[in-house]
>>> print(open('final34.txt').read())   # compact mmCIF, N, CA and C atoms
# COMPACT_ATOMS: atom_id res chain seq x y z
N MET A 1009 224.57 -162.11 17.09
CA MET A 1009 224.21 -160.68 17.12
C MET A 1009 222.76 -160.49 16.71
N MET A 1010 222.03 -159.85 17.57
CA MET A 1010 220.64 -159.55 17.22
C MET A 1010 220.61 -158.26 16.41
N HIS A 1011 219.94 -158.32 15.30
CA HIS A 1011 219.79 -157.08 14.53
C HIS A 1011 218.39 -156.54 14.77
N MET A 1012 218.34 -155.34 15.29
CA MET A 1012 217.05 -154.72 15.49
C MET A 1012 216.52 -154.26 14.13
N SER A 1013 215.24 -154.45 13.92
CA SER A 1013 214.69 -154.00 12.65
C SER A 1013 214.30 -152.53 12.73
N MET A 1014 214.93 -151.85 13.69
CA MET A 1014 214.63 -150.42 13.84
C MET A 1014 215.17 -149.67 12.64
N ASP A 1015 214.33 -148.89 12.06
CA ASP A 1015 214.70 -148.12 10.90
C ASP A 1015 215.42 -146.86 11.36
N LYS A 1016 216.67 -146.72 10.97
CA LYS A 1016 217.47 -145.56 11.39
C LYS A 1016 216.78 -144.24 11.04
N LYS A 1017 216.13 -144.23 9.87
CA LYS A 1017 215.48 -142.99 9.43
C LYS A 1017 214.36 -142.60 10.38
N MET A 1018 213.89 -143.58 11.17
CA MET A 1018 212.76 -143.33 12.05
C MET A 1018 213.20 -142.95 13.46
N GLU A 1019 214.50 -142.91 13.68
CA GLU A 1019 215.01 -142.59 15.00
C GLU A 1019 214.57 -141.17 15.39
N GLY A 1020 214.00 -141.06 16.58
CA GLY A 1020 213.59 -139.75 17.06
C GLY A 1020 212.30 -139.24 16.44
N LYS A 1021 211.69 -140.05 15.56
CA LYS A 1021 210.42 -139.61 14.96
C LYS A 1021 209.26 -140.04 15.85
N SER A 1022 208.25 -139.20 15.90
CA SER A 1022 207.07 -139.56 16.69
C SER A 1022 205.82 -139.12 15.95
N ILE A 1023 204.73 -139.78 16.31
CA ILE A 1023 203.47 -139.47 15.64
C ILE A 1023 202.35 -139.49 16.67
N LEU A 1024 201.41 -138.60 16.49
CA LEU A 1024 200.20 -138.62 17.32
C LEU A 1024 199.10 -139.18 16.43
N VAL A 1025 198.54 -140.32 16.81
CA VAL A 1025 197.45 -140.94 16.06
C VAL A 1025 196.14 -140.57 16.74
N VAL A 1026 195.33 -139.77 16.05
CA VAL A 1026 194.03 -139.36 16.59
C VAL A 1026 192.98 -140.17 15.84
N GLU A 1027 192.41 -141.15 16.52
CA GLU A 1027 191.52 -142.12 15.89
C GLU A 1027 190.56 -142.65 16.94
N ASP A 1028 189.26 -142.48 16.70
CA ASP A 1028 188.31 -142.92 17.73
C ASP A 1028 187.92 -144.38 17.59
N GLU A 1029 188.29 -145.00 16.49
CA GLU A 1029 188.00 -146.42 16.30
C GLU A 1029 189.12 -147.20 16.99
N GLN A 1030 188.82 -147.74 18.16
CA GLN A 1030 189.83 -148.35 19.02
C GLN A 1030 190.71 -149.38 18.31
N ALA A 1031 190.08 -150.28 17.58
CA ALA A 1031 190.84 -151.36 16.93
C ALA A 1031 191.85 -150.81 15.94
N LEU A 1032 191.42 -149.81 15.17
CA LEU A 1032 192.31 -149.21 14.18
C LEU A 1032 193.43 -148.44 14.89
N GLN A 1033 193.07 -147.73 15.94
CA GLN A 1033 194.08 -146.97 16.70
C GLN A 1033 195.17 -147.91 17.22
N GLU A 1034 194.73 -149.04 17.80
CA GLU A 1034 195.69 -149.99 18.36
C GLU A 1034 196.55 -150.63 17.28
N ALA A 1035 195.93 -150.97 16.15
CA ALA A 1035 196.68 -151.59 15.06
C ALA A 1035 197.73 -150.63 14.51
N LEU A 1036 197.34 -149.37 14.33
CA LEU A 1036 198.29 -148.37 13.84
C LEU A 1036 199.42 -148.18 14.84
N GLN A 1037 199.07 -148.10 16.11
CA GLN A 1037 200.08 -147.90 17.14
C GLN A 1037 201.08 -149.06 17.13
N PHE A 1038 200.56 -150.27 17.08
CA PHE A 1038 201.40 -151.46 17.09
C PHE A 1038 202.36 -151.46 15.91
N LYS A 1039 201.81 -151.24 14.72
CA LYS A 1039 202.64 -151.29 13.51
C LYS A 1039 203.67 -150.16 13.45
N LEU A 1040 203.29 -148.98 13.89
CA LEU A 1040 204.21 -147.85 13.86
C LEU A 1040 205.32 -148.03 14.89
N GLU A 1041 204.95 -148.53 16.07
CA GLU A 1041 205.97 -148.75 17.11
C GLU A 1041 206.98 -149.81 16.67
N LYS A 1042 206.48 -150.80 15.92
CA LYS A 1042 207.37 -151.83 15.41
C LYS A 1042 208.43 -151.25 14.48
N GLU A 1043 208.10 -150.11 13.87
CA GLU A 1043 209.04 -149.43 12.96
C GLU A 1043 210.00 -148.53 13.73
N GLY A 1044 209.85 -148.49 15.05
CA GLY A 1044 210.73 -147.66 15.85
C GLY A 1044 210.25 -146.23 16.00
N ILE A 1045 208.97 -146.01 15.71
CA ILE A 1045 208.40 -144.67 15.82
C ILE A 1045 207.70 -144.55 17.18
N GLU A 1046 207.91 -143.45 17.86
CA GLU A 1046 207.21 -143.22 19.12
C GLU A 1046 205.78 -142.81 18.80
N VAL A 1047 204.82 -143.45 19.45
CA VAL A 1047 203.41 -143.18 19.13
C VAL A 1047 202.66 -142.64 20.34
N PHE A 1048 201.98 -141.53 20.12
CA PHE A 1048 201.04 -141.01 21.10
C PHE A 1048 199.66 -141.27 20.51
N THR A 1049 198.66 -141.50 21.36
CA THR A 1049 197.33 -141.74 20.80
C THR A 1049 196.31 -140.85 21.49
N ALA A 1050 195.23 -140.59 20.77
CA ALA A 1050 194.10 -139.86 21.31
C ALA A 1050 192.85 -140.36 20.60
N SER A 1051 191.75 -140.44 21.33
CA SER A 1051 190.51 -140.92 20.73
C SER A 1051 189.53 -139.79 20.43
N THR A 1052 189.85 -138.60 20.93
CA THR A 1052 188.98 -137.45 20.66
C THR A 1052 189.86 -136.24 20.33
N GLY A 1053 189.24 -135.23 19.76
CA GLY A 1053 189.95 -134.01 19.45
C GLY A 1053 190.48 -133.34 20.70
N GLU A 1054 189.65 -133.36 21.76
CA GLU A 1054 190.06 -132.74 23.02
C GLU A 1054 191.32 -133.42 23.56
N GLU A 1055 191.31 -134.76 23.52
CA GLU A 1055 192.46 -135.54 23.98
C GLU A 1055 193.70 -135.19 23.16
N ALA A 1056 193.51 -135.08 21.86
CA ALA A 1056 194.63 -134.76 20.97
C ALA A 1056 195.25 -133.43 21.37
N LEU A 1057 194.43 -132.44 21.65
CA LEU A 1057 194.94 -131.12 22.00
C LEU A 1057 195.65 -131.16 23.36
N GLU A 1058 195.17 -132.02 24.26
CA GLU A 1058 195.84 -132.21 25.55
C GLU A 1058 197.24 -132.79 25.34
N VAL A 1059 197.33 -133.83 24.51
CA VAL A 1059 198.61 -134.47 24.23
C VAL A 1059 199.57 -133.44 23.63
N LEU A 1060 199.05 -132.59 22.73
CA LEU A 1060 199.90 -131.61 22.05
C LEU A 1060 200.39 -130.50 22.98
N LYS A 1061 199.76 -130.37 24.14
CA LYS A 1061 200.27 -129.40 25.12
C LYS A 1061 201.57 -129.91 25.73
N LYS A 1062 201.68 -131.25 25.82
CA LYS A 1062 202.84 -131.86 26.47
C LYS A 1062 203.91 -132.31 25.48
N HIS A 1063 203.50 -132.73 24.32
CA HIS A 1063 204.43 -133.31 23.35
C HIS A 1063 204.30 -132.61 22.00
N ARG A 1064 205.41 -132.58 21.28
CA ARG A 1064 205.32 -132.08 19.91
C ARG A 1064 205.81 -133.21 19.00
N PRO A 1065 204.86 -133.99 18.46
CA PRO A 1065 205.26 -135.10 17.60
C PRO A 1065 205.78 -134.58 16.25
N THR A 1066 206.45 -135.46 15.53
CA THR A 1066 206.94 -135.10 14.20
C THR A 1066 205.75 -134.92 13.26
N LEU A 1067 204.69 -135.70 13.51
CA LEU A 1067 203.54 -135.74 12.61
C LEU A 1067 202.28 -136.06 13.40
N VAL A 1068 201.15 -135.55 12.91
CA VAL A 1068 199.85 -135.90 13.49
C VAL A 1068 199.03 -136.60 12.42
N SER A 1069 198.51 -137.77 12.75
CA SER A 1069 197.56 -138.45 11.87
C SER A 1069 196.19 -138.19 12.48
N LEU A 1070 195.38 -137.42 11.77
CA LEU A 1070 194.14 -136.90 12.35
C LEU A 1070 192.92 -137.43 11.62
N ASP A 1071 192.09 -138.15 12.38
CA ASP A 1071 190.85 -138.68 11.84
C ASP A 1071 189.88 -137.51 11.65
N LEU A 1072 189.11 -137.55 10.58
CA LEU A 1072 188.17 -136.46 10.34
C LEU A 1072 186.94 -136.60 11.23
N LEU A 1073 186.39 -137.81 11.29
CA LEU A 1073 185.16 -138.01 12.04
C LEU A 1073 185.47 -138.43 13.47
N LEU A 1074 185.37 -137.47 14.36
CA LEU A 1074 185.64 -137.73 15.78
C LEU A 1074 184.41 -137.31 16.57
N PRO A 1075 184.22 -137.91 17.75
CA PRO A 1075 183.08 -137.49 18.57
C PRO A 1075 183.24 -136.01 18.98
N ARG A 1076 182.15 -135.31 19.11
CA ARG A 1076 182.13 -133.90 19.53
C ARG A 1076 182.89 -132.96 18.60
N MET A 1077 184.20 -132.89 18.74
CA MET A 1077 184.99 -131.97 17.91
C MET A 1077 185.57 -132.74 16.73
N ASN A 1078 185.25 -132.34 15.49
CA ASN A 1078 185.76 -133.11 14.36
C ASN A 1078 187.20 -132.73 14.00
N GLY A 1079 187.78 -133.52 13.12
CA GLY A 1079 189.17 -133.34 12.74
C GLY A 1079 189.49 -131.96 12.22
N LEU A 1080 188.58 -131.38 11.44
CA LEU A 1080 188.85 -130.05 10.89
C LEU A 1080 188.87 -129.00 12.00
N GLU A 1081 188.03 -129.19 13.02
CA GLU A 1081 188.02 -128.25 14.15
C GLU A 1081 189.33 -128.38 14.95
N VAL A 1082 189.80 -129.62 15.09
CA VAL A 1082 191.06 -129.84 15.78
C VAL A 1082 192.18 -129.17 14.98
N LEU A 1083 192.15 -129.38 13.68
CA LEU A 1083 193.15 -128.79 12.79
C LEU A 1083 193.15 -127.27 12.90
N GLN A 1084 191.96 -126.68 12.97
CA GLN A 1084 191.84 -125.23 13.12
C GLN A 1084 192.55 -124.76 14.39
N LYS A 1085 192.34 -125.49 15.48
CA LYS A 1085 192.96 -125.14 16.76
C LYS A 1085 194.48 -125.29 16.69
N ILE A 1086 194.94 -126.34 16.01
CA ILE A 1086 196.39 -126.54 15.86
C ILE A 1086 196.98 -125.36 15.08
N ARG A 1087 196.33 -125.01 13.98
CA ARG A 1087 196.84 -123.92 13.14
C ARG A 1087 196.78 -122.57 13.85
N ALA A 1088 195.87 -122.43 14.81
CA ALA A 1088 195.73 -121.15 15.52
C ALA A 1088 196.70 -121.05 16.69
N ASP A 1089 197.37 -122.17 17.01
CA ASP A 1089 198.28 -122.19 18.15
C ASP A 1089 199.69 -121.80 17.72
N ALA A 1090 200.23 -120.79 18.37
CA ALA A 1090 201.55 -120.28 17.98
C ALA A 1090 202.64 -121.35 18.03
N HIS A 1091 202.52 -122.29 18.96
CA HIS A 1091 203.54 -123.32 19.09
C HIS A 1091 203.37 -124.46 18.10
N LEU A 1092 202.15 -124.60 17.58
CA LEU A 1092 201.85 -125.79 16.77
C LEU A 1092 201.49 -125.48 15.32
N HIS A 1093 201.37 -124.20 15.00
CA HIS A 1093 200.77 -123.85 13.71
C HIS A 1093 201.43 -124.50 12.50
N ASP A 1094 202.74 -124.84 12.64
CA ASP A 1094 203.42 -125.42 11.49
C ASP A 1094 203.61 -126.94 11.62
N LEU A 1095 202.90 -127.54 12.56
CA LEU A 1095 202.99 -128.97 12.79
C LEU A 1095 202.42 -129.74 11.59
N PRO A 1096 203.18 -130.70 11.04
CA PRO A 1096 202.66 -131.47 9.90
C PRO A 1096 201.48 -132.36 10.31
N VAL A 1097 200.38 -132.23 9.60
CA VAL A 1097 199.18 -133.01 9.90
C VAL A 1097 198.73 -133.77 8.65
N VAL A 1098 198.42 -135.05 8.83
CA VAL A 1098 197.85 -135.86 7.77
C VAL A 1098 196.40 -136.11 8.16
N MET A 1099 195.49 -135.80 7.27
CA MET A 1099 194.08 -136.02 7.53
C MET A 1099 193.75 -137.44 7.08
N VAL A 1100 193.09 -138.19 7.94
CA VAL A 1100 192.70 -139.56 7.58
C VAL A 1100 191.20 -139.65 7.75
N SER A 1101 190.51 -140.13 6.72
CA SER A 1101 189.07 -140.14 6.80
C SER A 1101 188.48 -141.30 6.03
N VAL A 1102 187.28 -141.71 6.43
CA VAL A 1102 186.61 -142.74 5.66
C VAL A 1102 186.05 -142.16 4.38
N SER A 1103 185.75 -140.85 4.44
CA SER A 1103 185.15 -140.26 3.25
C SER A 1103 186.04 -139.13 2.75
N GLY A 1104 186.00 -138.93 1.46
CA GLY A 1104 186.81 -137.86 0.91
C GLY A 1104 185.97 -136.94 0.05
N GLY A 1105 185.00 -136.29 0.67
CA GLY A 1105 184.21 -135.31 -0.09
C GLY A 1105 185.13 -134.20 -0.56
N PRO A 1106 185.01 -133.80 -1.82
CA PRO A 1106 185.92 -132.78 -2.37
C PRO A 1106 185.98 -131.51 -1.55
N ASP A 1107 184.86 -131.09 -0.98
CA ASP A 1107 184.87 -129.85 -0.19
C ASP A 1107 185.66 -130.03 1.11
N LYS A 1108 185.50 -131.20 1.73
CA LYS A 1108 186.25 -131.50 2.95
C LYS A 1108 187.75 -131.52 2.64
N ILE A 1109 188.10 -132.16 1.53
CA ILE A 1109 189.50 -132.26 1.14
C ILE A 1109 190.06 -130.87 0.88
N LYS A 1110 189.29 -130.06 0.16
CA LYS A 1110 189.74 -128.70 -0.15
C LYS A 1110 189.94 -127.90 1.14
N GLN A 1111 189.00 -128.07 2.05
CA GLN A 1111 189.07 -127.35 3.32
C GLN A 1111 190.32 -127.78 4.09
N ALA A 1112 190.59 -129.08 4.12
CA ALA A 1112 191.76 -129.60 4.83
C ALA A 1112 193.03 -129.02 4.22
N PHE A 1113 193.13 -129.04 2.88
CA PHE A 1113 194.34 -128.53 2.24
C PHE A 1113 194.47 -127.03 2.41
N SER A 1114 193.35 -126.33 2.52
CA SER A 1114 193.43 -124.89 2.75
C SER A 1114 194.03 -124.62 4.13
N MET A 1115 193.95 -125.62 5.00
CA MET A 1115 194.56 -125.48 6.32
C MET A 1115 195.89 -126.22 6.37
N ASN A 1116 196.47 -126.40 5.20
CA ASN A 1116 197.85 -126.83 5.16
C ASN A 1116 198.12 -128.25 5.64
N VAL A 1117 197.26 -129.23 5.25
CA VAL A 1117 197.58 -130.60 5.61
C VAL A 1117 198.62 -131.14 4.63
N VAL A 1118 199.43 -132.08 5.10
CA VAL A 1118 200.47 -132.65 4.27
C VAL A 1118 199.86 -133.62 3.27
N GLU A 1119 198.80 -134.32 3.71
CA GLU A 1119 198.22 -135.37 2.91
C GLU A 1119 196.81 -135.64 3.41
N TYR A 1120 195.96 -136.14 2.52
CA TYR A 1120 194.60 -136.51 2.91
C TYR A 1120 194.41 -137.96 2.50
N LEU A 1121 194.37 -138.86 3.46
CA LEU A 1121 194.27 -140.28 3.15
C LEU A 1121 192.86 -140.78 3.41
N ILE A 1122 192.34 -141.54 2.47
CA ILE A 1122 191.00 -142.09 2.63
C ILE A 1122 191.12 -143.55 3.08
N LYS A 1123 190.65 -143.81 4.29
CA LYS A 1123 190.83 -145.13 4.92
C LYS A 1123 190.43 -146.28 4.03
N SER A 1124 189.26 -146.17 3.42
CA SER A 1124 188.74 -147.31 2.67
C SER A 1124 189.62 -147.67 1.47
N GLU A 1125 190.46 -146.74 1.06
CA GLU A 1125 191.30 -146.99 -0.11
C GLU A 1125 192.60 -147.71 0.27
N TYR A 1126 192.86 -147.84 1.57
CA TYR A 1126 194.13 -148.42 1.99
C TYR A 1126 193.95 -149.54 2.99
N LYS A 1127 194.75 -150.56 2.86
CA LYS A 1127 194.84 -151.56 3.92
C LYS A 1127 195.69 -150.90 5.00
N ILE A 1128 195.60 -151.43 6.20
CA ILE A 1128 196.33 -150.80 7.30
C ILE A 1128 197.83 -150.73 7.03
N GLU A 1129 198.40 -151.76 6.41
CA GLU A 1129 199.83 -151.74 6.09
C GLU A 1129 200.16 -150.55 5.18
N THR A 1130 199.30 -150.33 4.21
CA THR A 1130 199.52 -149.24 3.26
C THR A 1130 199.43 -147.90 3.97
N LEU A 1131 198.48 -147.81 4.88
CA LEU A 1131 198.31 -146.59 5.66
C LEU A 1131 199.59 -146.31 6.46
N VAL A 1132 200.11 -147.36 7.09
CA VAL A 1132 201.35 -147.24 7.87
C VAL A 1132 202.51 -146.84 6.96
N ASP A 1133 202.60 -147.46 5.78
CA ASP A 1133 203.67 -147.11 4.84
C ASP A 1133 203.59 -145.65 4.43
N LYS A 1134 202.37 -145.20 4.17
CA LYS A 1134 202.15 -143.79 3.79
C LYS A 1134 202.63 -142.86 4.91
N LEU A 1135 202.25 -143.19 6.13
CA LEU A 1135 202.63 -142.36 7.28
C LEU A 1135 204.15 -142.37 7.46
N LYS A 1136 204.76 -143.54 7.27
CA LYS A 1136 206.21 -143.64 7.38
C LYS A 1136 206.90 -142.77 6.34
N GLU A 1137 206.38 -142.84 5.12
CA GLU A 1137 206.93 -142.05 4.01
C GLU A 1137 206.92 -140.57 4.36
N ILE A 1138 205.79 -140.11 4.91
CA ILE A 1138 205.66 -138.70 5.26
C ILE A 1138 206.59 -138.37 6.44
N LEU A 1139 206.69 -139.29 7.40
CA LEU A 1139 207.59 -139.08 8.53
C LEU A 1139 209.03 -138.95 8.09
N GLU A 1140 209.42 -139.78 7.11
CA GLU A 1140 210.79 -139.74 6.63
C GLU A 1140 211.13 -138.38 6.04
N LYS A 1141 210.13 -137.77 5.40
CA LYS A 1141 210.36 -136.47 4.77
C LYS A 1141 210.26 -135.32 5.77
N SER A 1142 209.63 -135.61 6.92
CA SER A 1142 209.44 -134.54 7.90
C SER A 1142 210.73 -134.25 8.65
N PRO A 1143 211.07 -132.98 8.79
CA PRO A 1143 212.31 -132.60 9.49
C PRO A 1143 212.22 -132.98 10.98
>>> encode(input="final34.txt", output="structure tokens")
Amino acid sequence: MMHMSMDKKMEGKSILVVEDEQALQEALQFKLEKEGIEVFTASTGEEALEVLKKHRPTLVSLDLLLPRMNGLEVLQKIRADAHLHDLPVVMVSVSGGPDKIKQAFSMNVVEYLIKSEYKIETLVDKLKEILEKSP
């Protein structure tokens, strides 16, 4: 009997990973999919908003520093959208300036993760933890 390492708690959970750093995006996608989580990806804010027109993931992992439209601008658009305004978003950034963090939380982010403080495994664990709590 083959036992799938699929986590039952992750059944039906999905995440949109918005990350312009290709290697990190792929690594996150690979590790999350291994946990049985459906992963959508976007490399820009515009792409993320396109994906969100078609899919409603359980959670969005949103990079702050994106080309053209930054993470906070994407977050603003999500919050302004009647269909998405209550979508759980985790802000992920290389930097955690207190004003940026405050601004993100004022727009109702679930968590603000600073990339440099976490190895990729830890980042994935954090996202899984938040997904488990997400309805």
>>> closest_residue(input="final34.txt", among="A:Glu1129, A:Gln1111, A:Leu1121, A:Leu1080", to="Val1098 in chain A", atoms="all atoms listed in the file")
A:Leu1121
>>> atom_distance(input="final34.txt", atom1="atom C of Glu1046 in chain A", atom2="atom C of His1063 in chain A")
10.8 Å
>>> select_by_dssp(input="final34.txt", residues="chain A", states="helix (DSSP H, G or I)", output="ChimeraX atom specification")
/A:1016-1018,1030-1042,1053-1062,1079-1088,1106-1114,1123-1125,1128-1141
>>> atom_distance(input="final34.txt", atom1="atom N of Leu1074 in chain A", atom2="CA of Phe1048 in chain A")
17.4 Å
>>> atom_distance(input="final34.txt", atom1="atom N of Lys1039 in chain A", atom2="atom N of Leu1131 in chain A")
10.9 Å
>>> residues_around(input="final34.txt", residues="range 1054-1058 of chain A", least_positions_apart="3", cutoff="8 Å", atoms="only N, CA and C atoms", output="ChimeraX atom specification")
/A:1024-1026,1049-1051,1061-1063,1075-1078,1082,1085-1086
>>> residues_around(input="final34.txt", residues="Leu1135 in chain A", least_positions_apart="3", cutoff="12 Å", atoms="only C-alpha atoms", output="count of residues only")
38
>>> select_by_dssp(input="final34.txt", residues="chain A", states="strand (DSSP E)", output="number ranges by chain")
A: 1022-1026, 1046-1050, 1067-1071, 1097-1101, 1119-1122
>>> axis_aligned_box(input="final34.txt", around="range 1029-1042 of chain A", padding_each_side="3 Å", output="AutoDock Vina command-line options")
--center_x 198.2 --center_y -148.4 --center_z 16.2 --size_x 26.4 --size_y 12.8 --size_z 11.6
>>> closest_residue(input="final34.txt", among="A:Leu1060, A:Val1102, A:Leu1092, A:Leu1032", to="Leu1073 in chain A", atoms="only N, CA and C atoms")
A:Val1102
>>> closest_residue(input="final34.txt", among="A:Ser1101, A:Gly1053, A:Ala1088, A:Leu1095", to="Asp1071 in chain A", atoms="only N, CA and C atoms")
A:Ser1101
>>> decode(input="final34.txt", residues="range 1040-1068 of chain A", atoms="N, CA and C atoms", output="tab-separated table (two decimals), in the first residue's frame")
chain	number	residue	atom	x	y	z
A	1040	LEU	N	5.24	23.56	-1.70
A	1040	LEU	CA	3.83	23.64	-1.32
A	1040	LEU	C	3.02	22.56	-2.02
A	1041	GLU	N	3.33	22.31	-3.29
A	1041	GLU	CA	2.59	21.27	-4.02
A	1041	GLU	C	2.85	19.90	-3.41
A	1042	LYS	N	4.08	19.71	-2.92
A	1042	LYS	CA	4.42	18.45	-2.27
A	1042	LYS	C	3.56	18.20	-1.03
A	1043	GLU	N	3.06	19.30	-0.45
A	1043	GLU	CA	2.21	19.20	0.74
A	1043	GLU	C	0.74	18.99	0.35
A	1044	GLY	N	0.49	18.92	-0.95
A	1044	GLY	CA	-0.88	18.71	-1.40
A	1044	GLY	C	-1.67	20.00	-1.55
A	1045	ILE	N	-0.97	21.12	-1.62
A	1045	ILE	CA	-1.62	22.41	-1.77
A	1045	ILE	C	-1.61	22.80	-3.24
A	1046	GLU	N	-2.73	23.28	-3.74
A	1046	GLU	CA	-2.77	23.75	-5.12
A	1046	GLU	C	-2.10	25.12	-5.17
A	1047	VAL	N	-1.19	25.29	-6.12
A	1047	VAL	CA	-0.42	26.54	-6.18
A	1047	VAL	C	-0.66	27.27	-7.50
A	1048	PHE	N	-1.00	28.54	-7.39
A	1048	PHE	CA	-1.03	29.43	-8.54
A	1048	PHE	C	0.17	30.35	-8.38
A	1049	THR	N	0.76	30.80	-9.48
A	1049	THR	CA	1.90	31.69	-9.34
A	1049	THR	C	1.72	32.93	-10.21
A	1050	ALA	N	2.38	33.99	-9.79
A	1050	ALA	CA	2.41	35.23	-10.56
A	1050	ALA	C	3.74	35.90	-10.27
A	1051	SER	N	4.30	36.55	-11.28
A	1051	SER	CA	5.58	37.22	-11.10
A	1051	SER	C	5.43	38.73	-10.97
A	1052	THR	N	4.23	39.23	-11.27
A	1052	THR	CA	3.99	40.67	-11.14
A	1052	THR	C	2.63	40.88	-10.48
A	1053	GLY	N	2.41	42.09	-10.03
A	1053	GLY	CA	1.14	42.44	-9.43
A	1053	GLY	C	0.00	42.30	-10.42
A	1054	GLU	N	0.27	42.74	-11.66
A	1054	GLU	CA	-0.75	42.67	-12.70
A	1054	GLU	C	-1.17	41.21	-12.93
A	1055	GLU	N	-0.16	40.33	-13.01
A	1055	GLU	CA	-0.43	38.90	-13.20
A	1055	GLU	C	-1.26	38.36	-12.05
A	1056	ALA	N	-0.90	38.76	-10.85
A	1056	ALA	CA	-1.61	38.29	-9.65
A	1056	ALA	C	-3.08	38.66	-9.75
A	1057	LEU	N	-3.37	39.88	-10.16
A	1057	LEU	CA	-4.75	40.34	-10.24
A	1057	LEU	C	-5.50	39.59	-11.35
A	1058	GLU	N	-4.79	39.23	-12.42
A	1058	GLU	CA	-5.39	38.42	-13.48
A	1058	GLU	C	-5.79	37.04	-12.94
A	1059	VAL	N	-4.87	36.41	-12.21
A	1059	VAL	CA	-5.13	35.09	-11.64
A	1059	VAL	C	-6.34	35.17	-10.72
A	1060	LEU	N	-6.42	36.25	-9.92
A	1060	LEU	CA	-7.50	36.39	-8.95
A	1060	LEU	C	-8.86	36.63	-9.61
A	1061	LYS	N	-8.85	37.00	-10.89
A	1061	LYS	CA	-10.13	37.13	-11.60
A	1061	LYS	C	-10.72	35.75	-11.87
A	1062	LYS	N	-9.82	34.76	-12.04
A	1062	LYS	CA	-10.26	33.41	-12.39
A	1062	LYS	C	-10.35	32.47	-11.19
A	1063	HIS	N	-9.49	32.68	-10.23
A	1063	HIS	CA	-9.41	31.76	-9.09
A	1063	HIS	C	-9.51	32.52	-7.78
A	1064	ARG	N	-10.05	31.84	-6.77
A	1064	ARG	CA	-10.02	32.44	-5.45
A	1064	ARG	C	-9.27	31.47	-4.54
A	1065	PRO	N	-7.96	31.72	-4.35
A	1065	PRO	CA	-7.18	30.82	-3.51
A	1065	PRO	C	-7.55	30.99	-2.04
A	1066	THR	N	-7.15	30.03	-1.23
A	1066	THR	CA	-7.39	30.11	0.21
A	1066	THR	C	-6.55	31.25	0.79
A	1067	LEU	N	-5.37	31.46	0.19
A	1067	LEU	CA	-4.40	32.41	0.73
A	1067	LEU	C	-3.56	32.99	-0.40
A	1068	VAL	N	-3.11	34.23	-0.20
A	1068	VAL	CA	-2.18	34.85	-1.15
A	1068	VAL	C	-0.89	35.15	-0.41
